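Below is the file data20.cif, which contains mmCIF, N, CA, C and O atoms; chains and numbers go by the auth columns.
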```cif
data_target
loop_
_atom_site.group_PDB
_atom_site.id
_atom_site.type_symbol
_atom_site.label_atom_id
_atom_site.label_comp_id
_atom_site.label_asym_id
_atom_site.label_seq_id
_atom_site.Cartn_x
_atom_site.Cartn_y
_atom_site.Cartn_z
_atom_site.B_iso_or_equiv
_atom_site.auth_seq_id
_atom_site.auth_asym_id
ATOM 1 N N MET A 1 -6.742 -3.669 -12.732 0.00 22 A
ATOM 2 C CA MET A 1 -5.410 -3.189 -12.414 0.00 22 A
ATOM 3 C C MET A 1 -5.517 -2.027 -11.426 0.00 22 A
ATOM 4 O O MET A 1 -6.434 -1.218 -11.481 0.00 22 A
ATOM 5 N N ILE A 2 -4.562 -1.928 -10.531 0.00 23 A
ATOM 6 C CA ILE A 2 -4.582 -0.898 -9.499 0.00 23 A
ATOM 7 C C ILE A 2 -4.513 0.502 -10.094 0.00 23 A
ATOM 8 O O ILE A 2 -5.109 1.429 -9.569 0.00 23 A
ATOM 9 N N ALA A 3 -3.827 0.669 -11.215 0.00 24 A
ATOM 10 C CA ALA A 3 -3.705 1.986 -11.841 0.00 24 A
ATOM 11 C C ALA A 3 -5.073 2.531 -12.233 0.00 24 A
ATOM 12 O O ALA A 3 -5.357 3.711 -12.028 0.00 24 A
ATOM 13 N N THR A 4 -5.939 1.700 -12.771 0.00 25 A
ATOM 14 C CA THR A 4 -7.285 2.132 -13.157 0.00 25 A
ATOM 15 C C THR A 4 -8.065 2.604 -11.942 0.00 25 A
ATOM 16 O O THR A 4 -8.738 3.636 -11.979 0.00 25 A
ATOM 17 N N PHE A 5 -7.977 1.874 -10.850 0.00 26 A
ATOM 18 C CA PHE A 5 -8.651 2.275 -9.613 0.00 26 A
ATOM 19 C C PHE A 5 -8.123 3.621 -9.118 0.00 26 A
ATOM 20 O O PHE A 5 -8.893 4.517 -8.794 0.00 26 A
ATOM 21 N N LEU A 6 -6.810 3.769 -9.069 0.00 27 A
ATOM 22 C CA LEU A 6 -6.208 4.998 -8.562 0.00 27 A
ATOM 23 C C LEU A 6 -6.570 6.203 -9.421 0.00 27 A
ATOM 24 O O LEU A 6 -6.790 7.305 -8.910 0.00 27 A
ATOM 25 N N GLU A 7 -6.645 6.009 -10.718 0.00 28 A
ATOM 26 C CA GLU A 7 -6.988 7.103 -11.637 0.00 28 A
ATOM 27 C C GLU A 7 -8.450 7.511 -11.536 0.00 28 A
ATOM 28 O O GLU A 7 -8.820 8.618 -11.912 0.00 28 A
ATOM 29 N N SER A 8 -9.283 6.641 -10.983 0.00 29 A
ATOM 30 C CA SER A 8 -10.728 6.886 -10.918 0.00 29 A
ATOM 31 C C SER A 8 -11.153 7.731 -9.733 0.00 29 A
ATOM 32 O O SER A 8 -12.304 8.175 -9.678 0.00 29 A
ATOM 33 N N TYR A 9 -10.276 7.961 -8.782 0.00 30 A
ATOM 34 C CA TYR A 9 -10.631 8.672 -7.560 0.00 30 A
ATOM 35 C C TYR A 9 -9.603 9.749 -7.252 0.00 30 A
ATOM 36 O O TYR A 9 -8.457 9.671 -7.668 0.00 30 A
ATOM 37 N N ASN A 10 -10.032 10.743 -6.484 0.00 31 A
ATOM 38 C CA ASN A 10 -9.148 11.824 -6.057 0.00 31 A
ATOM 39 C C ASN A 10 -8.585 11.465 -4.679 0.00 31 A
ATOM 40 O O ASN A 10 -9.312 11.462 -3.689 0.00 31 A
ATOM 41 N N PHE A 11 -7.300 11.183 -4.618 0.00 32 A
ATOM 42 C CA PHE A 11 -6.652 10.819 -3.364 0.00 32 A
ATOM 43 C C PHE A 11 -5.847 11.966 -2.761 0.00 32 A
ATOM 44 O O PHE A 11 -5.078 11.750 -1.831 0.00 32 A
ATOM 45 N N ALA A 12 -6.031 13.172 -3.264 0.00 33 A
ATOM 46 C CA ALA A 12 -5.310 14.333 -2.728 0.00 33 A
ATOM 47 C C ALA A 12 -5.610 14.479 -1.237 0.00 33 A
ATOM 48 O O ALA A 12 -6.761 14.444 -0.812 0.00 33 A
ATOM 49 N N GLY A 13 -4.557 14.601 -0.435 0.00 34 A
ATOM 50 C CA GLY A 13 -4.706 14.758 1.007 0.00 34 A
ATOM 51 C C GLY A 13 -5.017 13.470 1.750 0.00 34 A
ATOM 52 O O GLY A 13 -5.191 13.495 2.967 0.00 34 A
ATOM 53 N N LYS A 14 -5.102 12.373 1.056 0.00 35 A
ATOM 54 C CA LYS A 14 -5.404 11.081 1.677 0.00 35 A
ATOM 55 C C LYS A 14 -4.123 10.294 1.902 0.00 35 A
ATOM 56 O O LYS A 14 -3.094 10.562 1.303 0.00 35 A
ATOM 57 N N THR A 15 -4.198 9.311 2.769 0.00 36 A
ATOM 58 C CA THR A 15 -3.086 8.393 2.990 0.00 36 A
ATOM 59 C C THR A 15 -3.452 7.044 2.381 0.00 36 A
ATOM 60 O O THR A 15 -4.509 6.494 2.680 0.00 36 A
ATOM 61 N N ILE A 16 -2.566 6.545 1.543 0.00 37 A
ATOM 62 C CA ILE A 16 -2.758 5.242 0.916 0.00 37 A
ATOM 63 C C ILE A 16 -1.799 4.263 1.596 0.00 37 A
ATOM 64 O O ILE A 16 -0.605 4.530 1.701 0.00 37 A
ATOM 65 N N ILE A 17 -2.341 3.150 2.066 0.00 38 A
ATOM 66 C CA ILE A 17 -1.537 2.126 2.724 0.00 38 A
ATOM 67 C C ILE A 17 -1.579 0.882 1.842 0.00 38 A
ATOM 68 O O ILE A 17 -2.489 0.065 1.935 0.00 38 A
ATOM 69 N N PRO A 18 -0.598 0.741 0.959 0.00 39 A
ATOM 70 C CA PRO A 18 -0.639 -0.367 0.004 0.00 39 A
ATOM 71 C C PRO A 18 -0.180 -1.691 0.606 0.00 39 A
ATOM 72 O O PRO A 18 0.742 -1.746 1.405 0.00 39 A
ATOM 73 N N PHE A 19 -0.878 -2.758 0.201 0.00 40 A
ATOM 74 C CA PHE A 19 -0.456 -4.109 0.580 0.00 40 A
ATOM 75 C C PHE A 19 -0.889 -5.057 -0.528 0.00 40 A
ATOM 76 O O PHE A 19 -1.758 -4.737 -1.335 0.00 40 A
ATOM 77 N N CYS A 20 -0.247 -6.193 -0.580 0.00 41 A
ATOM 78 C CA CYS A 20 -0.590 -7.191 -1.579 0.00 41 A
ATOM 79 C C CYS A 20 -0.149 -8.562 -1.092 0.00 41 A
ATOM 80 O O CYS A 20 0.545 -8.687 -0.092 0.00 41 A
ATOM 81 N N THR A 21 -0.576 -9.570 -1.799 0.00 42 A
ATOM 82 C CA THR A 21 -0.026 -10.911 -1.641 0.00 42 A
ATOM 83 C C THR A 21 0.588 -11.269 -2.988 0.00 42 A
ATOM 84 O O THR A 21 0.123 -10.817 -4.026 0.00 42 A
ATOM 85 N N SER A 22 1.645 -12.009 -2.963 0.00 43 A
ATOM 86 C CA SER A 22 2.310 -12.367 -4.215 0.00 43 A
ATOM 87 C C SER A 22 3.195 -13.576 -3.996 0.00 43 A
ATOM 88 O O SER A 22 3.890 -13.661 -2.986 0.00 43 A
ATOM 89 N N GLY A 23 3.196 -14.451 -4.943 0.00 44 A
ATOM 90 C CA GLY A 23 4.061 -15.606 -4.866 0.00 44 A
ATOM 91 C C GLY A 23 5.420 -15.371 -5.492 0.00 44 A
ATOM 92 O O GLY A 23 6.319 -16.182 -5.366 0.00 44 A
ATOM 93 N N SER A 24 5.569 -14.226 -6.179 0.00 45 A
ATOM 94 C CA SER A 24 6.835 -14.005 -6.879 0.00 45 A
ATOM 95 C C SER A 24 7.457 -12.646 -6.578 0.00 45 A
ATOM 96 O O SER A 24 8.593 -12.575 -6.158 0.00 45 A
ATOM 97 N N ASP A 25 6.743 -11.558 -6.794 0.00 46 A
ATOM 98 C CA ASP A 25 7.314 -10.220 -6.616 0.00 46 A
ATOM 99 C C ASP A 25 6.874 -9.591 -5.306 0.00 46 A
ATOM 100 O O ASP A 25 5.778 -9.849 -4.817 0.00 46 A
ATOM 101 N N SER A 26 7.729 -8.717 -4.766 0.00 47 A
ATOM 102 C CA SER A 26 7.330 -7.952 -3.585 0.00 47 A
ATOM 103 C C SER A 26 6.620 -6.687 -4.039 0.00 47 A
ATOM 104 O O SER A 26 6.666 -6.300 -5.211 0.00 47 A
ATOM 105 N N ILE A 27 5.978 -6.023 -3.116 0.00 48 A
ATOM 106 C CA ILE A 27 5.257 -4.798 -3.417 0.00 48 A
ATOM 107 C C ILE A 27 6.202 -3.681 -3.888 0.00 48 A
ATOM 108 O O ILE A 27 5.777 -2.746 -4.547 0.00 48 A
ATOM 109 N N ASP A 28 7.474 -3.814 -3.563 0.00 49 A
ATOM 110 C CA ASP A 28 8.446 -2.790 -3.950 0.00 49 A
ATOM 111 C C ASP A 28 8.447 -2.530 -5.451 0.00 49 A
ATOM 112 O O ASP A 28 8.743 -1.424 -5.890 0.00 49 A
ATOM 113 N N HIS A 29 8.099 -3.518 -6.241 0.00 50 A
ATOM 114 C CA HIS A 29 8.087 -3.357 -7.697 0.00 50 A
ATOM 115 C C HIS A 29 6.910 -2.532 -8.183 0.00 50 A
ATOM 116 O O HIS A 29 6.901 -2.100 -9.333 0.00 50 A
ATOM 117 N N SER A 30 5.908 -2.304 -7.322 0.00 51 A
ATOM 118 C CA SER A 30 4.691 -1.590 -7.716 0.00 51 A
ATOM 119 C C SER A 30 4.498 -0.251 -7.022 0.00 51 A
ATOM 120 O O SER A 30 3.627 0.516 -7.418 0.00 51 A
ATOM 121 N N LEU A 31 5.263 0.027 -5.988 0.00 52 A
ATOM 122 C CA LEU A 31 5.018 1.239 -5.201 0.00 52 A
ATOM 123 C C LEU A 31 5.130 2.527 -6.006 0.00 52 A
ATOM 124 O O LEU A 31 4.432 3.498 -5.719 0.00 52 A
ATOM 125 N N HIS A 32 5.973 2.546 -7.018 0.00 53 A
ATOM 126 C CA HIS A 32 6.139 3.768 -7.812 0.00 53 A
ATOM 127 C C HIS A 32 4.825 4.198 -8.464 0.00 53 A
ATOM 128 O O HIS A 32 4.592 5.390 -8.673 0.00 53 A
ATOM 129 N N ILE A 33 3.946 3.249 -8.750 0.00 54 A
ATOM 130 C CA ILE A 33 2.671 3.556 -9.393 0.00 54 A
ATOM 131 C C ILE A 33 1.847 4.511 -8.534 0.00 54 A
ATOM 132 O O ILE A 33 1.234 5.446 -9.039 0.00 54 A
ATOM 133 N N PHE A 34 1.843 4.286 -7.223 0.00 55 A
ATOM 134 C CA PHE A 34 1.038 5.126 -6.327 0.00 55 A
ATOM 135 C C PHE A 34 1.504 6.573 -6.370 0.00 55 A
ATOM 136 O O PHE A 34 0.690 7.489 -6.472 0.00 55 A
ATOM 137 N N GLY A 35 2.787 6.789 -6.273 0.00 56 A
ATOM 138 C CA GLY A 35 3.324 8.148 -6.306 0.00 56 A
ATOM 139 C C GLY A 35 3.129 8.833 -7.638 0.00 56 A
ATOM 140 O O GLY A 35 2.894 10.041 -7.696 0.00 56 A
ATOM 141 N N GLU A 36 3.219 8.091 -8.725 0.00 57 A
ATOM 142 C CA GLU A 36 3.042 8.667 -10.060 0.00 57 A
ATOM 143 C C GLU A 36 1.598 9.079 -10.314 0.00 57 A
ATOM 144 O O GLU A 36 1.332 10.136 -10.873 0.00 57 A
ATOM 145 N N ILE A 37 0.660 8.256 -9.903 0.00 58 A
ATOM 146 C CA ILE A 37 -0.750 8.523 -10.186 0.00 58 A
ATOM 147 C C ILE A 37 -1.395 9.398 -9.111 0.00 58 A
ATOM 148 O O ILE A 37 -2.325 10.153 -9.400 0.00 58 A
ATOM 149 N N CYS A 38 -0.907 9.326 -7.888 0.00 59 A
ATOM 150 C CA CYS A 38 -1.493 10.073 -6.762 0.00 59 A
ATOM 151 C C CYS A 38 -0.424 10.956 -6.110 0.00 59 A
ATOM 152 O O CYS A 38 -0.097 10.759 -4.929 0.00 59 A
ATOM 153 N N PRO A 39 0.109 11.929 -6.826 0.00 60 A
ATOM 154 C CA PRO A 39 1.220 12.707 -6.281 0.00 60 A
ATOM 155 C C PRO A 39 0.859 13.547 -5.059 0.00 60 A
ATOM 156 O O PRO A 39 1.740 13.929 -4.291 0.00 60 A
ATOM 157 N N ASP A 40 -0.428 13.820 -4.857 0.00 61 A
ATOM 158 C CA ASP A 40 -0.848 14.642 -3.722 0.00 61 A
ATOM 159 C C ASP A 40 -1.319 13.807 -2.536 0.00 61 A
ATOM 160 O O ASP A 40 -1.871 14.334 -1.575 0.00 61 A
ATOM 161 N N ALA A 41 -1.104 12.507 -2.595 0.00 62 A
ATOM 162 C CA ALA A 41 -1.453 11.612 -1.490 0.00 62 A
ATOM 163 C C ALA A 41 -0.188 11.245 -0.721 0.00 62 A
ATOM 164 O O ALA A 41 0.921 11.322 -1.241 0.00 62 A
ATOM 165 N N THR A 42 -0.370 10.862 0.526 0.00 63 A
ATOM 166 C CA THR A 42 0.722 10.308 1.326 0.00 63 A
ATOM 167 C C THR A 42 0.711 8.805 1.110 0.00 63 A
ATOM 168 O O THR A 42 -0.333 8.157 1.270 0.00 63 A
ATOM 169 N N ILE A 43 1.856 8.250 0.742 0.00 64 A
ATOM 170 C CA ILE A 43 1.951 6.817 0.500 0.00 64 A
ATOM 171 C C ILE A 43 2.723 6.190 1.657 0.00 64 A
ATOM 172 O O ILE A 43 3.894 6.484 1.874 0.00 64 A
ATOM 173 N N ALA A 44 2.040 5.355 2.435 0.00 65 A
ATOM 174 C CA ALA A 44 2.672 4.686 3.569 0.00 65 A
ATOM 175 C C ALA A 44 3.546 3.535 3.075 0.00 65 A
ATOM 176 O O ALA A 44 3.465 3.118 1.921 0.00 65 A
ATOM 177 N N GLU A 45 4.356 3.008 3.975 0.00 66 A
ATOM 178 C CA GLU A 45 5.194 1.848 3.660 0.00 66 A
ATOM 179 C C GLU A 45 4.299 0.665 3.291 0.00 66 A
ATOM 180 O O GLU A 45 3.353 0.336 3.999 0.00 66 A
ATOM 181 N N GLY A 46 4.586 0.047 2.170 0.00 67 A
ATOM 182 C CA GLY A 46 3.785 -1.082 1.713 0.00 67 A
ATOM 183 C C GLY A 46 4.234 -2.396 2.320 0.00 67 A
ATOM 184 O O GLY A 46 5.321 -2.499 2.894 0.00 67 A
ATOM 185 N N LEU A 47 3.395 -3.404 2.184 0.00 68 A
ATOM 186 C CA LEU A 47 3.703 -4.730 2.711 0.00 68 A
ATOM 187 C C LEU A 47 3.280 -5.789 1.710 0.00 68 A
ATOM 188 O O LEU A 47 2.165 -5.757 1.187 0.00 68 A
ATOM 189 N N THR A 48 4.167 -6.731 1.448 0.00 69 A
ATOM 190 C CA THR A 48 3.797 -7.946 0.751 0.00 69 A
ATOM 191 C C THR A 48 3.391 -8.928 1.845 0.00 69 A
ATOM 192 O O THR A 48 4.227 -9.440 2.577 0.00 69 A
ATOM 193 N N ALA A 49 2.093 -9.133 1.984 0.00 70 A
ATOM 194 C CA ALA A 49 1.534 -9.853 3.128 0.00 70 A
ATOM 195 C C ALA A 49 1.381 -11.337 2.834 0.00 70 A
ATOM 196 O O ALA A 49 0.277 -11.864 2.746 0.00 70 A
ATOM 197 N N ASN A 50 2.490 -12.024 2.692 0.00 71 A
ATOM 198 C CA ASN A 50 2.440 -13.462 2.467 0.00 71 A
ATOM 199 C C ASN A 50 2.518 -14.253 3.763 0.00 71 A
ATOM 200 O O ASN A 50 2.232 -15.442 3.775 0.00 71 A
ATOM 201 N N ASN A 51 2.924 -13.598 4.836 0.00 72 A
ATOM 202 C CA ASN A 51 3.045 -14.261 6.129 0.00 72 A
ATOM 203 C C ASN A 51 2.161 -13.516 7.124 0.00 72 A
ATOM 204 O O ASN A 51 2.389 -12.340 7.405 0.00 72 A
ATOM 205 N N GLU A 52 1.173 -14.174 7.646 0.00 73 A
ATOM 206 C CA GLU A 52 0.230 -13.548 8.575 0.00 73 A
ATOM 207 C C GLU A 52 0.939 -12.908 9.769 0.00 73 A
ATOM 208 O O GLU A 52 0.481 -11.897 10.302 0.00 73 A
ATOM 209 N N ASP A 53 2.072 -13.456 10.178 0.00 74 A
ATOM 210 C CA ASP A 53 2.815 -12.923 11.317 0.00 74 A
ATOM 211 C C ASP A 53 3.434 -11.552 11.032 0.00 74 A
ATOM 212 O O ASP A 53 3.834 -10.855 11.954 0.00 74 A
ATOM 213 N N ASP A 54 3.520 -11.150 9.775 0.00 75 A
ATOM 214 C CA ASP A 54 4.093 -9.853 9.412 0.00 75 A
ATOM 215 C C ASP A 54 3.076 -8.718 9.483 0.00 75 A
ATOM 216 O O ASP A 54 3.450 -7.547 9.543 0.00 75 A
ATOM 217 N N ILE A 55 1.797 -9.042 9.466 0.00 76 A
ATOM 218 C CA ILE A 55 0.762 -8.020 9.330 0.00 76 A
ATOM 219 C C ILE A 55 0.623 -7.159 10.578 0.00 76 A
ATOM 220 O O ILE A 55 0.624 -5.926 10.493 0.00 76 A
ATOM 221 N N GLU A 56 0.497 -7.759 11.740 0.00 77 A
ATOM 222 C CA GLU A 56 0.305 -6.972 12.961 0.00 77 A
ATOM 223 C C GLU A 56 1.484 -6.050 13.259 0.00 77 A
ATOM 224 O O GLU A 56 1.263 -4.865 13.542 0.00 77 A
ATOM 225 N N PRO A 57 2.736 -6.505 13.179 0.00 78 A
ATOM 226 C CA PRO A 57 3.856 -5.577 13.400 0.00 78 A
ATOM 227 C C PRO A 57 3.871 -4.426 12.393 0.00 78 A
ATOM 228 O O PRO A 57 4.199 -3.290 12.742 0.00 78 A
ATOM 229 N N TRP A 58 3.508 -4.700 11.151 0.00 79 A
ATOM 230 C CA TRP A 58 3.451 -3.662 10.119 0.00 79 A
ATOM 231 C C TRP A 58 2.388 -2.620 10.481 0.00 79 A
ATOM 232 O O TRP A 58 2.643 -1.422 10.410 0.00 79 A
ATOM 233 N N LEU A 59 1.207 -3.068 10.897 0.00 80 A
ATOM 234 C CA LEU A 59 0.149 -2.140 11.293 0.00 80 A
ATOM 235 C C LEU A 59 0.540 -1.341 12.532 0.00 80 A
ATOM 236 O O LEU A 59 0.222 -0.154 12.646 0.00 80 A
ATOM 237 N N GLN A 60 1.251 -1.962 13.460 0.00 81 A
ATOM 238 C CA GLN A 60 1.744 -1.241 14.641 0.00 81 A
ATOM 239 C C GLN A 60 2.745 -0.175 14.230 0.00 81 A
ATOM 240 O O GLN A 60 2.697 0.959 14.733 0.00 81 A
ATOM 241 N N GLU A 61 3.654 -0.518 13.330 0.00 82 A
ATOM 242 C CA GLU A 61 4.659 0.431 12.858 0.00 82 A
ATOM 243 C C GLU A 61 4.004 1.642 12.182 0.00 82 A
ATOM 244 O O GLU A 61 4.479 2.766 12.315 0.00 82 A
ATOM 245 N N LEU A 62 2.904 1.403 11.488 0.00 83 A
ATOM 246 C CA LEU A 62 2.183 2.490 10.817 0.00 83 A
ATOM 247 C C LEU A 62 1.316 3.297 11.796 0.00 83 A
ATOM 248 O O LEU A 62 0.767 4.328 11.420 0.00 83 A
ATOM 249 N N GLY A 63 1.173 2.809 13.025 0.00 84 A
ATOM 250 C CA GLY A 63 0.345 3.491 14.015 0.00 84 A
ATOM 251 C C GLY A 63 -1.132 3.200 13.854 0.00 84 A
ATOM 252 O O GLY A 63 -1.973 3.913 14.404 0.00 84 A
ATOM 253 N N MET A 64 -1.458 2.151 13.124 0.00 85 A
ATOM 254 C CA MET A 64 -2.862 1.799 12.889 0.00 85 A
ATOM 255 C C MET A 64 -3.451 1.023 14.064 0.00 85 A
ATOM 256 O O MET A 64 -4.650 1.086 14.291 0.00 85 A
ATOM 257 N N ILE A 65 -2.605 0.272 14.776 0.00 86 A
ATOM 258 C CA ILE A 65 -3.034 -0.450 15.975 0.00 86 A
ATOM 259 C C ILE A 65 -1.932 -0.319 17.021 0.00 86 A
ATOM 260 O O ILE A 65 -0.795 0.034 16.703 0.00 86 A
ATOM 261 N N GLN A 66 -2.275 -0.614 18.263 0.00 87 A
ATOM 262 C CA GLN A 66 -1.289 -0.534 19.350 0.00 87 A
ATOM 263 C C GLN A 66 -0.905 -1.902 19.821 0.00 87 A
ATOM 264 O O GLN A 66 -1.531 -2.854 19.705 0.00 87 A
#
```
Hey, can you dump this file as structure tokens for me?
Amino acid sequence: MIATFLESYNFAGKTIIPFCTSGSDSIDHSLHIFGEICPDATIAEGLTANNEDDIEPWLQELGMIQ
């Protein structure tokens, strides 16, 4: 579970860029976990990456690629 991973490391001052694949729920249902467990981290906009065409625009929006 992602909560166990997040609790195992210190993410203070780090940026977390959450993404997932899912056949039923979007990432919006899980984003609160990051803020609750890592309150001193910056949480970027998450992506439910079920469509490959959505990934590059999302990374561009985050400033990860040009």
Top pick for closest residue to Ala33 of chain A, considering A:Gln81, A:Ser51, A:Ser45, A:Thr63 and counting all atoms listed in the file: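 Checking each of A:Gln81, A:Ser51, A:Ser45, A:Thr63 against Ala33 of chain A, counting all atoms listed in the file, the winner is A:Thr63.
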Which of chain A end up as helix (DSSP H, G or I) when DSSP is run on this backbone - answer as a list of chain:residue names?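 Residues of chain A classed as helix (DSSP H, G or I): A:Ile23, A:Ala24, A:Thr25, A:Phe26, A:Leu27, A:Glu28, A:Ile48, A:Asp49, A:His50, A:Leu52, A:His53, A:Ile54, A:Phe55, A:Gly56, A:Glu57, A:Ile58, A:Glu73, A:Asp74, A:Asp75, A:Ile76, A:Glu77, A:Pro78, A:Trp79, A:Leu80, A:Gln81, A:Glu82.
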Just need the box for segment 35-42 of chain A, edges along x, y and z, holding every atom the file lists for it with 6 Å tacked onto each side, so centre and edge lengths in Å to one decimal, as lines of an AutoDock Vina configuration file.
```
center_x = -2.3
center_y = 0.6
center_z = -0.5
size_x = 18.1
size_y = 35.6
size_z = 19.0
```
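For the atom pair formed by atom N of Tyr30 of chain A and atom CA of Trp79 of chain A, the distance is 26.1 Å, given to one decimal.
Residues in contact with segment 82-87 of chain A at 12 Å, where only C-alpha atoms are counted and same-chain residues fewer than 6 positions away are skipped, are listed as A:Thr36, A:Ile37, A:Ile38, A:Pro39, A:Ile64, A:Ala65, A:Glu66, A:Gly67, A:Leu68, A:Asp75, A:Ile76.
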Would you list the contacts of Asp61 of chain A as a PDB file with N, CA, C and O atoms, in the coordinates of the input, taking every protein, DNA or RNA residue within 5 Å and counting only N, CA, C and O atoms, but skipping same-chain residues closer than 6 positions in sequence?
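File written: result-v9.pdb
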```
ATOM      1  N   PHE A  32      -7.300  11.183  -4.618  1.00  0.00           N
ATOM      2  CA  PHE A  32      -6.652  10.819  -3.364  1.00  0.00           C
ATOM      3  C   PHE A  32      -5.847  11.966  -2.761  1.00  0.00           C
ATOM      4  O   PHE A  32      -5.078  11.750  -1.831  1.00  0.00           O
ATOM      5  N   ALA A  33      -6.031  13.172  -3.264  1.00  0.00           N
ATOM      6  CA  ALA A  33      -5.310  14.333  -2.728  1.00  0.00           C
ATOM      7  C   ALA A  33      -5.610  14.479  -1.237  1.00  0.00           C
ATOM      8  O   ALA A  33      -6.761  14.444  -0.812  1.00  0.00           O
ATOM      9  N   GLY A  34      -4.557  14.601  -0.435  1.00  0.00           N
ATOM     10  CA  GLY A  34      -4.706  14.758   1.007  1.00  0.00           C
ATOM     11  C   GLY A  34      -5.017  13.470   1.750  1.00  0.00           C
ATOM     12  O   GLY A  34      -5.191  13.495   2.967  1.00  0.00           O
ATOM     13  N   LYS A  35      -5.102  12.373   1.056  1.00  0.00           N
ATOM     14  CA  LYS A  35      -5.404  11.081   1.677  1.00  0.00           C
ATOM     15  C   LYS A  35      -4.123  10.294   1.902  1.00  0.00           C
ATOM     16  O   LYS A  35      -3.094  10.562   1.303  1.00  0.00           O
TER      17      LYS A  35
END
```
